[in-house]
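Enquirer: Data file my_file37.cif (mmCIF, C-alpha atoms) is appended below.
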```cif
data_protein
#
loop_
_atom_site.group_PDB
_atom_site.id
_atom_site.type_symbol
_atom_site.label_atom_id
_atom_site.label_comp_id
_atom_site.auth_asym_id
_atom_site.auth_seq_id
_atom_site.Cartn_x
_atom_site.Cartn_y
_atom_site.Cartn_z
ATOM 1 C CA MET A 1 -30.534 5.140 6.047
ATOM 2 C CA GLU A 2 -27.826 6.729 8.156
ATOM 3 C CA ARG A 3 -26.923 10.345 7.310
ATOM 4 C CA ILE A 4 -23.548 12.034 7.572
ATOM 5 C CA ARG A 5 -22.497 15.666 7.246
ATOM 6 C CA LEU A 6 -20.995 16.722 3.914
ATOM 7 C CA GLY A 7 -17.703 18.303 4.899
ATOM 8 C CA LYS A 8 -18.252 21.278 7.208
ATOM 9 C CA THR A 9 -21.445 22.343 5.480
ATOM 10 C CA GLY A 10 -24.963 22.135 6.858
ATOM 11 C CA ILE A 11 -25.802 19.445 4.290
ATOM 12 C CA ASP A 12 -26.544 15.867 5.373
ATOM 13 C CA ILE A 13 -26.152 13.051 2.844
ATOM 14 C CA SER A 14 -26.948 9.357 2.956
ATOM 15 C CA LEU A 15 -24.144 6.971 3.842
ATOM 16 C CA VAL A 16 -24.073 5.807 0.227
ATOM 17 C CA GLY A 17 -24.831 7.776 -2.907
ATOM 18 C CA ILE A 18 -26.115 6.893 -6.363
ATOM 19 C CA GLY A 19 -23.659 7.517 -9.179
ATOM 20 C CA THR A 20 -25.320 8.220 -12.534
ATOM 21 C CA TRP A 21 -22.333 7.909 -14.860
ATOM 22 C CA SER A 22 -24.024 5.123 -16.814
ATOM 23 C CA TRP A 23 -27.381 6.929 -17.115
ATOM 24 C CA GLY A 24 -27.581 7.760 -20.807
ATOM 25 C CA GLU A 25 -23.993 6.630 -21.461
ATOM 26 C CA ARG A 26 -23.379 4.197 -24.345
ATOM 27 C CA PHE A 27 -19.688 4.490 -25.180
ATOM 28 C CA ILE A 28 -18.108 3.307 -21.922
ATOM 29 C CA PHE A 29 -20.630 0.844 -20.525
ATOM 30 C CA GLY A 30 -22.013 -0.685 -23.690
ATOM 31 C CA GLY A 31 -25.480 -1.108 -22.226
ATOM 32 C CA LYS A 32 -28.836 0.455 -23.003
ATOM 33 C CA TYR A 33 -30.673 1.493 -19.889
ATOM 34 C CA GLN A 34 -34.294 2.455 -20.453
ATOM 35 C CA GLU A 35 -35.315 5.735 -18.851
ATOM 36 C CA ALA A 36 -38.453 4.148 -17.409
ATOM 37 C CA ASP A 37 -36.293 1.610 -15.555
ATOM 38 C CA LEU A 38 -33.976 4.339 -14.255
ATOM 39 C CA LYS A 39 -36.958 6.277 -12.927
ATOM 40 C CA LYS A 40 -38.087 3.168 -11.043
ATOM 41 C CA VAL A 41 -34.619 2.860 -9.544
ATOM 42 C CA PHE A 42 -34.706 6.522 -8.576
ATOM 43 C CA GLU A 43 -38.036 6.157 -6.810
ATOM 44 C CA ALA A 44 -36.954 2.964 -5.045
ATOM 45 C CA SER A 45 -33.749 4.673 -3.893
ATOM 46 C CA LEU A 46 -35.759 7.468 -2.282
ATOM 47 C CA LYS A 47 -37.997 4.987 -0.472
ATOM 48 C CA ALA A 48 -34.870 3.255 0.854
ATOM 49 C CA GLY A 49 -33.611 6.515 2.353
ATOM 50 C CA ILE A 50 -30.932 7.424 -0.197
ATOM 51 C CA ASN A 51 -30.910 11.175 -0.782
ATOM 52 C CA PHE A 52 -27.588 11.761 -2.573
ATOM 53 C CA PHE A 53 -27.264 11.603 -6.370
ATOM 54 C CA ASP A 54 -24.102 12.445 -8.291
ATOM 55 C CA THR A 55 -23.899 13.329 -11.987
ATOM 56 C CA ALA A 56 -21.763 15.448 -14.351
ATOM 57 C CA GLU A 57 -22.181 17.461 -17.522
ATOM 58 C CA VAL A 58 -19.985 14.994 -19.437
ATOM 59 C CA TYR A 59 -21.910 11.875 -18.437
ATOM 60 C CA GLY A 60 -23.665 10.780 -21.580
ATOM 61 C CA ARG A 61 -22.947 14.250 -23.013
ATOM 62 C CA GLY A 62 -25.556 15.768 -20.741
ATOM 63 C CA ASN A 63 -28.015 12.871 -20.935
ATOM 64 C CA SER A 64 -27.360 11.845 -17.343
ATOM 65 C CA GLU A 65 -28.315 15.298 -16.062
ATOM 66 C CA LEU A 66 -31.401 15.320 -18.289
ATOM 67 C CA ILE A 67 -32.598 11.922 -17.035
ATOM 68 C CA LEU A 68 -31.928 12.838 -13.416
ATOM 69 C CA GLY A 69 -33.737 16.138 -13.967
ATOM 70 C CA GLU A 70 -36.783 14.312 -15.312
ATOM 71 C CA CYS A 71 -36.725 12.087 -12.239
ATOM 72 C CA LEU A 72 -36.606 15.124 -9.965
ATOM 73 C CA HIS A 73 -39.805 16.466 -11.533
ATOM 74 C CA THR A 74 -41.710 13.374 -10.352
ATOM 75 C CA ILE A 75 -41.073 13.780 -6.625
ATOM 76 C CA ASN A 76 -43.034 15.614 -3.965
ATOM 77 C CA SER A 77 -41.810 19.181 -3.488
ATOM 78 C CA ASN A 78 -41.183 18.455 0.209
ATOM 79 C CA THR A 79 -38.677 15.705 -0.599
ATOM 80 C CA LYS A 80 -35.193 17.034 0.097
ATOM 81 C CA LEU A 81 -32.547 15.550 -2.151
ATOM 82 C CA ILE A 82 -28.874 16.406 -2.424
ATOM 83 C CA ILE A 83 -27.836 16.736 -6.052
ATOM 84 C CA ALA A 84 -24.202 16.949 -7.107
ATOM 85 C CA THR A 85 -22.874 17.655 -10.565
ATOM 86 C CA LYS A 86 -19.521 18.601 -12.106
ATOM 87 C CA PHE A 87 -17.858 21.105 -14.413
ATOM 88 C CA ASN A 88 -15.341 19.719 -16.904
ATOM 89 C CA PRO A 89 -12.519 22.270 -17.464
ATOM 90 C CA ARG A 90 -11.058 20.527 -20.520
ATOM 91 C CA PHE A 91 -10.996 22.776 -23.569
ATOM 92 C CA ARG A 92 -12.641 25.580 -21.552
ATOM 93 C CA PHE A 93 -11.204 29.088 -21.385
ATOM 94 C CA GLY A 94 -11.903 31.940 -18.991
ATOM 95 C CA GLN A 95 -13.829 31.963 -15.727
ATOM 96 C CA ALA A 96 -17.100 32.704 -17.494
ATOM 97 C CA ALA A 97 -16.978 29.203 -18.989
ATOM 98 C CA LEU A 98 -17.677 27.660 -15.591
ATOM 99 C CA ARG A 99 -20.642 29.924 -14.927
ATOM 100 C CA ASN A 100 -22.105 29.150 -18.357
ATOM 101 C CA ALA A 101 -21.576 25.421 -17.843
ATOM 102 C CA LEU A 102 -23.312 25.605 -14.476
ATOM 103 C CA LYS A 103 -26.302 27.405 -15.984
ATOM 104 C CA ASN A 104 -26.584 24.671 -18.638
ATOM 105 C CA SER A 105 -26.373 21.950 -15.981
ATOM 106 C CA LEU A 106 -29.057 23.663 -13.906
ATOM 107 C CA LYS A 107 -31.282 23.874 -16.978
ATOM 108 C CA ARG A 108 -30.877 20.160 -17.721
ATOM 109 C CA LEU A 109 -31.527 19.292 -14.073
ATOM 110 C CA GLY A 110 -34.456 21.693 -13.811
ATOM 111 C CA LEU A 111 -32.940 23.377 -10.740
ATOM 112 C CA GLU A 112 -32.274 26.957 -9.702
ATOM 113 C CA LYS A 113 -29.383 25.927 -7.462
ATOM 114 C CA VAL A 114 -27.254 22.805 -7.124
ATOM 115 C CA ASP A 115 -26.296 21.406 -3.733
ATOM 116 C CA LEU A 116 -22.745 20.353 -4.578
ATOM 117 C CA TYR A 117 -20.842 21.673 -7.599
ATOM 118 C CA GLN A 118 -17.499 20.024 -8.349
ATOM 119 C CA ILE A 119 -14.570 20.723 -10.647
ATOM 120 C CA HIS A 120 -14.150 17.436 -12.505
ATOM 121 C CA GLN A 121 -10.412 17.756 -13.268
ATOM 122 C CA PRO A 122 -7.735 20.182 -11.985
ATOM 123 C CA GLY A 123 -6.905 21.984 -15.261
ATOM 124 C CA LYS A 124 -5.858 25.587 -14.573
ATOM 125 C CA LEU A 125 -6.339 25.087 -10.870
ATOM 126 C CA LYS A 126 -6.325 28.665 -9.544
ATOM 127 C CA GLN A 127 -8.552 29.927 -12.337
ATOM 128 C CA TRP A 128 -11.227 27.278 -11.875
ATOM 129 C CA VAL A 129 -11.198 27.257 -8.074
ATOM 130 C CA ASN A 130 -11.689 31.025 -8.035
ATOM 131 C CA ALA A 131 -14.386 30.705 -10.706
ATOM 132 C CA ILE A 132 -16.329 28.150 -8.675
ATOM 133 C CA ALA A 133 -15.928 30.368 -5.599
ATOM 134 C CA HIS A 134 -17.655 33.176 -7.496
ATOM 135 C CA VAL A 135 -20.763 31.104 -8.314
ATOM 136 C CA TYR A 136 -20.861 29.928 -4.698
ATOM 137 C CA GLU A 137 -20.748 33.507 -3.471
ATOM 138 C CA ASP A 138 -23.518 34.380 -5.929
ATOM 139 C CA GLY A 139 -25.739 31.697 -4.397
ATOM 140 C CA LEU A 140 -25.894 29.346 -7.393
ATOM 141 C CA VAL A 141 -24.367 26.425 -5.461
ATOM 142 C CA SER A 142 -24.621 25.388 -1.808
ATOM 143 C CA ALA A 143 -21.249 23.672 -1.511
ATOM 144 C CA ILE A 144 -18.019 23.288 -3.478
ATOM 145 C CA GLY A 145 -16.207 20.064 -4.261
ATOM 146 C CA VAL A 146 -13.340 18.885 -6.425
ATOM 147 C CA SER A 147 -12.772 15.612 -8.239
ATOM 148 C CA ASN A 148 -9.586 13.819 -9.270
ATOM 149 C CA TYR A 149 -7.443 16.269 -7.290
ATOM 150 C CA GLY A 150 -4.281 14.579 -6.006
ATOM 151 C CA PRO A 151 -2.663 15.522 -2.665
ATOM 152 C CA GLU A 152 -0.906 18.705 -3.788
ATOM 153 C CA GLN A 153 -3.740 19.885 -6.024
ATOM 154 C CA PHE A 154 -6.218 19.216 -3.242
ATOM 155 C CA LYS A 155 -4.205 21.279 -0.746
ATOM 156 C CA GLN A 156 -3.935 24.161 -3.203
ATOM 157 C CA ALA A 157 -7.683 24.156 -3.831
ATOM 158 C CA TYR A 158 -8.408 23.966 -0.110
ATOM 159 C CA GLU A 159 -6.095 26.897 0.663
ATOM 160 C CA ILE A 160 -7.492 29.117 -2.132
ATOM 161 C CA LEU A 161 -11.018 28.624 -0.841
ATOM 162 C CA GLU A 162 -9.934 28.981 2.790
ATOM 163 C CA LYS A 163 -8.517 32.443 2.042
ATOM 164 C CA ARG A 164 -11.921 33.425 0.672
ATOM 165 C CA GLY A 165 -13.657 32.120 3.780
ATOM 166 C CA ILE A 166 -15.111 29.109 1.972
ATOM 167 C CA LYS A 167 -14.846 25.502 3.154
ATOM 168 C CA LEU A 168 -14.086 22.845 0.552
ATOM 169 C CA ALA A 169 -16.786 20.219 1.087
ATOM 170 C CA SER A 170 -15.529 17.172 -0.786
ATOM 171 C CA ASN A 171 -12.960 15.493 -2.980
ATOM 172 C CA GLN A 172 -14.317 12.792 -5.281
ATOM 173 C CA MET A 173 -11.777 10.169 -6.254
ATOM 174 C CA HIS A 174 -11.535 6.737 -7.827
ATOM 175 C CA TYR A 175 -11.245 4.375 -4.840
ATOM 176 C CA SER A 176 -11.860 0.670 -4.297
ATOM 177 C CA LEU A 177 -10.132 -2.517 -3.169
ATOM 178 C CA LEU A 178 -8.473 -2.552 -6.577
ATOM 179 C CA PHE A 179 -7.330 1.052 -6.419
ATOM 180 C CA ARG A 180 -6.082 2.136 -2.999
ATOM 181 C CA LYS A 181 -3.578 4.759 -4.128
ATOM 182 C CA HIS A 182 -5.166 7.460 -1.995
ATOM 183 C CA GLU A 183 -4.536 5.503 1.177
ATOM 184 C CA PHE A 184 -0.856 5.213 0.361
ATOM 185 C CA ASN A 185 -0.244 8.812 -0.756
ATOM 186 C CA GLY A 186 -1.953 10.274 2.302
ATOM 187 C CA LEU A 187 -4.886 11.924 0.525
ATOM 188 C CA LEU A 188 -7.586 9.968 2.356
ATOM 189 C CA ASN A 189 -6.141 10.893 5.750
ATOM 190 C CA THR A 190 -5.628 14.528 4.760
ATOM 191 C CA CYS A 191 -9.302 14.798 3.818
ATOM 192 C CA LYS A 192 -10.281 13.373 7.200
ATOM 193 C CA GLU A 193 -7.973 15.761 9.064
ATOM 194 C CA LEU A 194 -9.374 18.809 7.247
ATOM 195 C CA GLY A 195 -12.985 17.735 7.549
ATOM 196 C CA VAL A 196 -13.431 17.236 3.809
ATOM 197 C CA THR A 197 -15.687 14.362 2.750
ATOM 198 C CA PHE A 198 -13.976 11.748 0.593
ATOM 199 C CA LEU A 199 -16.399 10.578 -2.111
ATOM 200 C CA ALA A 200 -15.404 7.274 -3.708
ATOM 201 C CA TYR A 201 -16.439 6.657 -7.297
ATOM 202 C CA MET A 202 -16.054 3.225 -8.892
ATOM 203 C CA PRO A 203 -16.060 1.382 -5.517
ATOM 204 C CA LEU A 204 -16.936 -1.784 -7.473
ATOM 205 C CA ALA A 205 -14.281 -1.166 -10.140
ATOM 206 C CA GLN A 206 -16.930 -0.884 -12.857
ATOM 207 C CA GLY A 207 -18.483 -4.180 -11.796
ATOM 208 C CA ILE A 208 -15.280 -6.218 -11.465
ATOM 209 C CA LEU A 209 -15.695 -6.562 -7.687
ATOM 210 C CA THR A 210 -19.188 -8.010 -8.062
ATOM 211 C CA GLY A 211 -17.562 -11.310 -8.986
ATOM 212 C CA LYS A 212 -19.643 -11.767 -12.131
ATOM 213 C CA TYR A 213 -16.721 -11.173 -14.504
ATOM 214 C CA THR A 214 -14.046 -13.776 -15.226
ATOM 215 C CA PRO A 215 -11.328 -14.203 -17.862
ATOM 216 C CA ASP A 216 -13.942 -15.960 -20.004
ATOM 217 C CA ASN A 217 -16.703 -13.464 -19.274
ATOM 218 C CA ARG A 218 -15.278 -9.987 -19.686
ATOM 219 C CA PRO A 219 -17.322 -6.776 -19.357
ATOM 220 C CA LYS A 220 -18.790 -5.156 -22.436
ATOM 221 C CA GLY A 221 -18.202 -1.609 -23.594
ATOM 222 C CA PHE A 222 -15.219 -0.216 -25.496
ATOM 223 C CA VAL A 223 -13.313 1.262 -22.545
ATOM 224 C CA ARG A 224 -13.990 -1.533 -20.060
ATOM 225 C CA SER A 225 -13.032 -4.216 -22.568
ATOM 226 C CA LEU A 226 -9.683 -2.481 -23.070
ATOM 227 C CA THR A 227 -9.077 -1.983 -19.356
ATOM 228 C CA TYR A 228 -10.136 -5.361 -17.974
ATOM 229 C CA ARG A 229 -8.157 -7.894 -19.969
ATOM 230 C CA LYS A 230 -8.032 -11.642 -19.339
ATOM 231 C CA GLY A 231 -4.789 -11.520 -17.392
ATOM 232 C CA LEU A 232 -6.057 -8.842 -15.060
ATOM 233 C CA LEU A 233 -9.337 -10.648 -14.439
ATOM 234 C CA LYS A 234 -7.433 -13.844 -13.662
ATOM 235 C CA LYS A 235 -5.412 -12.032 -10.985
ATOM 236 C CA VAL A 236 -8.585 -10.682 -9.386
ATOM 237 C CA GLN A 237 -10.128 -14.100 -8.676
ATOM 238 C CA PRO A 238 -8.279 -14.796 -5.365
ATOM 239 C CA LEU A 239 -9.567 -11.495 -4.006
ATOM 240 C CA ILE A 240 -13.099 -12.297 -5.144
ATOM 241 C CA GLU A 241 -12.926 -15.689 -3.435
ATOM 242 C CA LEU A 242 -11.753 -14.101 -0.177
ATOM 243 C CA MET A 243 -14.642 -11.631 -0.374
ATOM 244 C CA ARG A 244 -17.072 -14.524 -0.817
ATOM 245 C CA GLU A 245 -15.633 -16.302 2.214
ATOM 246 C CA ILE A 246 -15.769 -13.171 4.366
ATOM 247 C CA GLY A 247 -19.332 -12.460 3.217
ATOM 248 C CA LYS A 248 -20.508 -15.804 4.574
ATOM 249 C CA ASN A 249 -19.727 -14.579 8.095
ATOM 250 C CA TYR A 250 -22.153 -11.670 7.729
ATOM 251 C CA GLY A 251 -25.262 -13.468 6.551
ATOM 252 C CA ASN A 252 -24.031 -14.483 3.100
ATOM 253 C CA LYS A 253 -23.126 -11.013 1.877
ATOM 254 C CA THR A 254 -22.025 -10.868 -1.751
ATOM 255 C CA PRO A 255 -18.589 -9.746 -2.988
ATOM 256 C CA SER A 256 -20.048 -6.398 -4.084
ATOM 257 C CA GLN A 257 -21.542 -5.829 -0.628
ATOM 258 C CA VAL A 258 -18.216 -6.642 1.007
ATOM 259 C CA ALA A 259 -16.426 -4.284 -1.383
ATOM 260 C CA ILE A 260 -18.815 -1.382 -0.710
ATOM 261 C CA ASN A 261 -18.728 -1.975 3.034
ATOM 262 C CA GLY A 262 -14.936 -1.947 2.926
ATOM 263 C CA VAL A 263 -15.013 1.550 1.431
ATOM 264 C CA ILE A 264 -17.394 2.711 4.165
ATOM 265 C CA CYS A 265 -15.098 1.235 6.801
ATOM 266 C CA LYS A 266 -12.261 3.383 5.453
ATOM 267 C CA GLY A 267 -14.298 6.533 6.085
ATOM 268 C CA ALA A 268 -15.305 7.222 2.482
ATOM 269 C CA ILE A 269 -18.753 7.624 0.933
ATOM 270 C CA PRO A 270 -19.238 5.152 -1.927
ATOM 271 C CA LEU A 271 -20.983 6.417 -5.053
ATOM 272 C CA VAL A 272 -22.383 3.321 -6.689
ATOM 273 C CA GLY A 273 -23.719 3.105 -10.227
ATOM 274 C CA ILE A 274 -27.257 1.722 -10.057
ATOM 275 C CA ASN A 275 -29.343 0.896 -13.126
ATOM 276 C CA ASN A 276 -31.918 -1.584 -11.823
ATOM 277 C CA GLU A 277 -33.591 -2.653 -8.601
ATOM 278 C CA ILE A 278 -31.445 -5.778 -8.239
ATOM 279 C CA GLN A 279 -28.350 -3.578 -8.041
ATOM 280 C CA LEU A 280 -30.133 -1.263 -5.629
ATOM 281 C CA ASN A 281 -30.942 -4.146 -3.286
ATOM 282 C CA GLU A 282 -27.276 -5.167 -3.410
ATOM 283 C CA LEU A 283 -26.321 -1.642 -2.391
ATOM 284 C CA LEU A 284 -28.828 -1.499 0.451
ATOM 285 C CA GLY A 285 -27.489 -4.785 1.796
ATOM 286 C CA ALA A 286 -24.015 -3.288 1.997
ATOM 287 C CA SER A 287 -24.630 -0.336 4.273
ATOM 288 C CA ASP A 288 -26.301 -1.467 7.526
ATOM 289 C CA TRP A 289 -23.409 -3.471 8.991
ATOM 290 C CA ARG A 290 -19.604 -3.209 9.289
ATOM 291 C CA LEU A 291 -16.704 -5.498 8.537
ATOM 292 C CA SER A 292 -14.491 -6.345 11.473
ATOM 293 C CA VAL A 293 -11.009 -4.854 11.707
ATOM 294 C CA GLU A 294 -9.592 -8.328 11.134
ATOM 295 C CA ASP A 295 -11.551 -8.791 7.908
ATOM 296 C CA VAL A 296 -10.586 -5.347 6.638
ATOM 297 C CA ASN A 297 -6.963 -6.220 7.308
ATOM 298 C CA GLN A 298 -7.314 -9.488 5.369
ATOM 299 C CA LEU A 299 -8.728 -7.658 2.364
ATOM 300 C CA ASP A 300 -6.015 -5.025 2.604
ATOM 301 C CA ALA A 301 -3.292 -7.640 2.723
ATOM 302 C CA ILE A 302 -4.379 -9.455 -0.427
ATOM 303 C CA SER A 303 -5.054 -6.270 -2.380
ATOM 304 C CA ARG A 304 -2.183 -4.020 -1.307
ATOM 305 C CA GLN A 305 0.657 -5.421 -3.371
ATOM 306 C CA GLN A 306 -1.072 -7.245 -6.180
ATOM 307 C CA TYR A 307 -3.803 -4.903 -7.293
ATOM 308 C CA VAL A 308 -2.761 -1.307 -6.635
ATOM 309 C CA SER A 309 -1.461 -0.729 -10.182
ATOM 310 C CA PHE A 310 -4.272 -2.520 -12.020
ATOM 311 C CA TYR A 311 -5.542 0.374 -14.075
ATOM 312 C CA ASN A 312 -3.691 1.133 -17.268
ATOM 313 C CA ARG A 313 -3.595 4.466 -19.048
ATOM 314 C CA THR A 314 -6.349 3.451 -21.437
ATOM 315 C CA PHE A 315 -8.965 4.006 -18.736
ATOM 316 C CA TYR A 316 -7.733 7.429 -17.690
ATOM 317 C CA ARG A 317 -7.862 8.844 -21.179
ATOM 318 C CA PHE A 318 -11.649 8.590 -20.971
ATOM 319 C CA THR A 319 -12.310 9.965 -17.461
#
```
When written as structure tokens, how does the structure in this file appear?
Expert:
Amino acid sequence: MERIRLGKTGIDISLVGIGTWSWGERFIFGGKYQEADLKKVFEASLKAGINFFDTAEVYGRGNSELILGECLHTINSNTKLIIATKFNPRFRFGQAALRNALKNSLKRLGLEKVDLYQIHQPGKLKQWVNAIAHVYEDGLVSAIGVSNYGPEQFKQAYEILEKRGIKLASNQMHYSLLFRKHEFNGLLNTCKELGVTFLAYMPLAQGILTGKYTPDNRPKGFVRSLTYRKGLLKKVQPLIELMREIGKNYGNKTPSQVAINGVICKGAIPLVGINNEIQLNELLGASDWRLSVEDVNQLDAISRQQYVSFYNRTFYRFT
């Protein structure tokens, strides 16, 4: 699989990454994923050339890091993977809290150093950006990223690190055909201009863009059932149908493959939640081709006005 440089670091990551939010998570997704199945997915991902895995201390209350760590113990020592995790600043006080959280994440992952360490939410921005700079300077992390940092917060974080001679590697944001806010507020372009990699989580809108959910077949899980109501799912169907039609022109690509490819075409790296080999094959079929400019424009036109404000506050209280 094609590799790209992570920001201005010396780290190369696969064109798509595996998001592990659902690994060990019960509350949001409502599913039970067996660890043995996840390990199979992990191994199959490596064989397919994917080397980038993203997790966080809050995913499954640490279970995601534990499962990923167990997977890492099964690979050959010569296999070079890029592992990213995140520090959650909520209800944390003092810079030492970040260092302690990092040590706990490293223990769960079974690592001495993490490739990409990210601040999950802005919080006390200056405090946490300086705290993460300290662990970088101490050699505990190879690169620094942020997540859910809007345009102004992103610029502040970038400038704080720049003054310390450190390059911000990435900004991880919610981004998909159903949530294009970062195109409109300039954040996506700013990241490109500064050489910061834009990582896109939820590129399939928690499965909505796969086309398998309808007003009569809503997703399970407490949070998703609140977020994706019948009315919203009804409005999505014209977009899904357009994605199906466009996919036919590229060898019968599925809506999810069109959605992921659209994110790649915008210059972002999609982080896709994968729990089984069927989903992995869908992901692999999304990355070795490109939508035409005309098709991207069609998708933009139908999604720009109707879907940009889809997500209600219920979702954000849990992320």
Enquirer: Using all atoms listed in the file, determine which residues lie at most 8 Å from range 169-177 of chain A, disregarding the query and same-chain residues fewer than 4 positions distant; provide the list as a short mmCIF file (atom, residue, chain, number, x, y, z; two decimals) with C-alpha atoms, in the coordinates of the input.
Expert:
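And here is the file that came out, selection_5.cif:
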```cif
data_model
loop_
_atom_site.label_atom_id
_atom_site.label_comp_id
_atom_site.auth_asym_id
_atom_site.auth_seq_id
_atom_site.Cartn_x
_atom_site.Cartn_y
_atom_site.Cartn_z
CA LEU A 6 -21.00 16.72 3.91
CA GLY A 7 -17.70 18.30 4.90
CA LYS A 8 -18.25 21.28 7.21
CA THR A 9 -21.44 22.34 5.48
CA ALA A 143 -21.25 23.67 -1.51
CA ILE A 144 -18.02 23.29 -3.48
CA GLY A 145 -16.21 20.06 -4.26
CA VAL A 146 -13.34 18.89 -6.42
CA SER A 147 -12.77 15.61 -8.24
CA ASN A 148 -9.59 13.82 -9.27
CA TYR A 149 -7.44 16.27 -7.29
CA PHE A 154 -6.22 19.22 -3.24
CA LYS A 181 -3.58 4.76 -4.13
CA HIS A 182 -5.17 7.46 -2.00
CA CYS A 191 -9.30 14.80 3.82
CA GLY A 195 -12.98 17.74 7.55
CA VAL A 196 -13.43 17.24 3.81
CA THR A 197 -15.69 14.36 2.75
CA PHE A 198 -13.98 11.75 0.59
CA LEU A 199 -16.40 10.58 -2.11
CA ALA A 200 -15.40 7.27 -3.71
CA TYR A 201 -16.44 6.66 -7.30
CA MET A 202 -16.05 3.22 -8.89
CA PRO A 203 -16.06 1.38 -5.52
CA LEU A 204 -16.94 -1.78 -7.47
CA ALA A 205 -14.28 -1.17 -10.14
CA ALA A 259 -16.43 -4.28 -1.38
CA GLY A 262 -14.94 -1.95 2.93
CA VAL A 263 -15.01 1.55 1.43
CA LEU A 299 -8.73 -7.66 2.36
CA ASP A 300 -6.02 -5.03 2.60
CA SER A 303 -5.05 -6.27 -2.38
CA TYR A 307 -3.80 -4.90 -7.29
#
```
Enquirer: Could you put an axis-aligned box around every listed atom of range 35-45 of chain A, padded by 4 Å on each side, and send me its centre and edge lengths in Å to one decimal, as AutoDock Vina command-line options?
Expert:
```
--center_x -36.1 --center_y 4.1 --center_z -11.4 --size_x 12.7 --size_y 12.9 --size_z 23.0
```
Enquirer: For each of A:Leu72, A:Val258, A:Arg108, A:Lys124, take the minimum atom-to-atom distance to Gly211 in chain A, counting only C-alpha atoms, then give the residue where this is smallest.
Expert: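 With only C-alpha atoms as the atom set, the closest residue is A:Val258.
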Enquirer: For each of A:Ile278, A:Leu242, A:Val272, A:Ile67, take the minimum atom-to-atom distance to Pro255 in chain A, counting only C-alpha atoms, then give the residue where this is smallest.
Expert: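 Of all the options, A:Leu242 lies closest to Pro255 in chain A.
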Enquirer: If you count only C-alpha atoms, which residues fall within 12 Å of range 284-290 of chain A, apart from same-chain ones fewer than 6 positions away, as a PyMOL selection string?
Expert: chain A and resi 1-3+14-18+44-50+203-204+246-247+249-267+269-270+272+274+277-278+296
Enquirer: Atoms are missing here; could range 291-305 of chain A be completed with N, CA and C atoms and written as a PDB file, in the frame of the given file?
Expert:
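Writing done, so here's out.pdb:
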```pdb
ATOM      1  N   LEU A 291     -17.740  -4.474   8.481  1.00  0.00           N
ATOM      2  CA  LEU A 291     -16.704  -5.498   8.537  1.00  0.00           C
ATOM      3  C   LEU A 291     -15.870  -5.321   9.799  1.00  0.00           C
ATOM      4  N   SER A 292     -15.382  -6.421  10.319  1.00  0.00           N
ATOM      5  CA  SER A 292     -14.491  -6.345  11.473  1.00  0.00           C
ATOM      6  C   SER A 292     -13.131  -5.817  11.046  1.00  0.00           C
ATOM      7  N   VAL A 293     -12.370  -5.336  11.994  1.00  0.00           N
ATOM      8  CA  VAL A 293     -11.009  -4.854  11.707  1.00  0.00           C
ATOM      9  C   VAL A 293     -10.170  -5.979  11.113  1.00  0.00           C
ATOM     10  N   GLU A 294     -10.354  -7.184  11.634  1.00  0.00           N
ATOM     11  CA  GLU A 294      -9.592  -8.328  11.134  1.00  0.00           C
ATOM     12  C   GLU A 294      -9.909  -8.608   9.661  1.00  0.00           C
ATOM     13  N   ASP A 295     -11.173  -8.524   9.295  1.00  0.00           N
ATOM     14  CA  ASP A 295     -11.551  -8.791   7.908  1.00  0.00           C
ATOM     15  C   ASP A 295     -11.071  -7.688   6.969  1.00  0.00           C
ATOM     16  N   VAL A 296     -11.133  -6.451   7.436  1.00  0.00           N
ATOM     17  CA  VAL A 296     -10.586  -5.347   6.638  1.00  0.00           C
ATOM     18  C   VAL A 296      -9.107  -5.558   6.403  1.00  0.00           C
ATOM     19  N   ASN A 297      -8.407  -5.976   7.433  1.00  0.00           N
ATOM     20  CA  ASN A 297      -6.963  -6.220   7.308  1.00  0.00           C
ATOM     21  C   ASN A 297      -6.663  -7.348   6.325  1.00  0.00           C
ATOM     22  N   GLN A 298      -7.498  -8.392   6.332  1.00  0.00           N
ATOM     23  CA  GLN A 298      -7.314  -9.488   5.369  1.00  0.00           C
ATOM     24  C   GLN A 298      -7.459  -9.001   3.937  1.00  0.00           C
ATOM     25  N   LEU A 299      -8.491  -8.202   3.706  1.00  0.00           N
ATOM     26  CA  LEU A 299      -8.728  -7.658   2.364  1.00  0.00           C
ATOM     27  C   LEU A 299      -7.594  -6.723   1.948  1.00  0.00           C
ATOM     28  N   ASP A 300      -7.123  -5.932   2.896  1.00  0.00           N
ATOM     29  CA  ASP A 300      -6.015  -5.025   2.604  1.00  0.00           C
ATOM     30  C   ASP A 300      -4.766  -5.794   2.218  1.00  0.00           C
ATOM     31  N   ALA A 301      -4.516  -6.879   2.952  1.00  0.00           N
ATOM     32  CA  ALA A 301      -3.292  -7.640   2.723  1.00  0.00           C
ATOM     33  C   ALA A 301      -3.253  -8.255   1.335  1.00  0.00           C
ATOM     34  N   ILE A 302      -4.377  -8.789   0.882  1.00  0.00           N
ATOM     35  CA  ILE A 302      -4.379  -9.455  -0.427  1.00  0.00           C
ATOM     36  C   ILE A 302      -4.417  -8.444  -1.572  1.00  0.00           C
ATOM     37  N   SER A 303      -4.931  -7.247  -1.294  1.00  0.00           N
ATOM     38  CA  SER A 303      -5.054  -6.270  -2.380  1.00  0.00           C
ATOM     39  C   SER A 303      -3.889  -5.290  -2.460  1.00  0.00           C
ATOM     40  N   ARG A 304      -3.182  -5.095  -1.362  1.00  0.00           N
ATOM     41  CA  ARG A 304      -2.183  -4.020  -1.307  1.00  0.00           C
ATOM     42  C   ARG A 304      -1.109  -4.133  -2.377  1.00  0.00           C
ATOM     43  N   GLN A 305      -0.466  -5.277  -2.452  1.00  0.00           N
ATOM     44  CA  GLN A 305       0.657  -5.421  -3.371  1.00  0.00           C
ATOM     45  C   GLN A 305       0.231  -5.793  -4.788  1.00  0.00           C
TER      46      GLN A 305
END
```
